[in-house]
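Have a look at the structure below, then the notes.
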Amino acid sequence: MLNRIILMGRLTRDPELRHTQMGTPVASFTLAVDRDFKSRDGGERATDFIDIVAWRASAEFVSKYFTKGRMAVVEGRLQIRDWTDREGGKRRSAEVIADNIYFGDSKRDGDSGGGSFARPAAPAPVDYGIPSGNEDQFAELADDDGDLPF
């Protein structure tokens with residue numbers, strides 16, 4: 001059996017970090033994931049809003065480094081939960097249990113605060129001895145016996 005999901009999208013809100021009664025960290029957040037195709041009528045891409053749950057170190061990581069609007073890549077599994085609402089009705093929810101969470105953008109791209117970032121200086125070009133003009137780049141082998149090496 002296989003239950004593997006990889007999603008890339010933007011956080012719709014800051015992750016909410018809580019702890020279980022045993023002290024285990026758990027974070028929940030929602031990813032806005034654009035579909036690969038555009039709708040026929042408006043030509044706009046539909047967006048799915050997918051609930052994500054992260055546990056333990058992943059929960060602490062996402063709550064510390066991710067904020068609303070940041071691009072995230074989430075690798076995990078789909079879980080369906082059955083529950084009862086306040087009126088006693090049976091409900092069902094789908095959520096992704098995150099195994100790994102990665103940055104989907106650079107800090108500069110995801111920074112909505114407008115902070116400044118110093119760009120590192122470009123390295124000096126390296127001369128590898130490769131001719132750059134119209135020079136003859138190939139030479140005949142004098143001892144070619146015509147036999148292929150394989």
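Letters for chains follow the order of the structure tokens (A, B, ...), residue numbers begin at 1 for each chain, and ligand numbers begin at 1 in the order shown.
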
Neighbouring residues of Lys68 in chain A were defined as those with any atom within 8 Å, considering only C-alpha atoms; residues of the same chain fewer than 5 positions away were excluded. Please report them as a list in words.
Arg10, Leu11, Thr12, Arg13, Asp14 and Pro15 of chain A

Same residues, N, CA and C atoms, output as a CSV table (one decimal), in the first residue's frame:
```
chain,number,residue,atom,x,y,z
A,10,ARG,N,1.4,28.0,-0.4
A,10,ARG,CA,1.7,29.1,0.5
A,10,ARG,C,0.8,29.0,1.7
A,11,LEU,N,1.4,29.3,2.9
A,11,LEU,CA,0.7,29.2,4.1
A,11,LEU,C,-0.4,30.3,4.2
A,12,THR,N,-1.6,29.9,4.5
A,12,THR,CA,-2.7,30.9,4.6
A,12,THR,C,-2.7,31.7,5.9
A,13,ARG,N,-2.0,31.2,6.9
A,13,ARG,CA,-2.0,31.8,8.2
A,13,ARG,C,-0.7,31.3,8.9
A,14,ASP,N,-0.3,31.9,10.0
A,14,ASP,CA,0.8,31.5,10.8
A,14,ASP,C,0.5,30.1,11.4
A,15,PRO,N,1.5,29.2,11.4
A,15,PRO,CA,1.2,27.9,12.1
A,15,PRO,C,0.8,28.1,13.5
```

From range 1-108 of chain A, collect each residue whose DSSP state is strand (DSSP E or B) and return the set as a PyMOL selection string.
chain A and resi 5-11+16-19+25-38+45-55+71-84+90-103

Do you know which residues are at most 7 Å from Arg81 in chain A counting only C-alpha atoms, after dropping those on the same chain fewer than 4 positions away, and could you put them as JSON, numbers by chain?
{"A": [92, 93, 94]}

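Comparing A:Leu17, A:Ile6, A:Met22, A:Ala32 by their smallest distance to Ile97 in chain A, the closest is A:Ile6 (using only C-alpha atoms).
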
From CA of Met8 in chain A to CA of Leu31 in chain A the spacing works out at 7.8 Å

So how many Å separate CA of Ile50 in chain A and CA of Val96 in chain A, to one decimal?
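About the pair CA of Ile50 in chain A and CA of Val96 in chain A: they are 7.5 Å apart.
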
Figure out the distance between CA of Leu2 in chain A and CA of Phe37 in chain A, please, to one decimal in Å.
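According to the coordinates, CA of Phe37 in chain A and CA of Leu2 in chain A are separated by 25.6 Å.
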
Which residue out of A:Thr24, A:Thr67, A:Gln79, A:Ser39 has the minimum interatomic distance to Asp51 in chain A when only C-alpha atoms are used?
A:Gln79
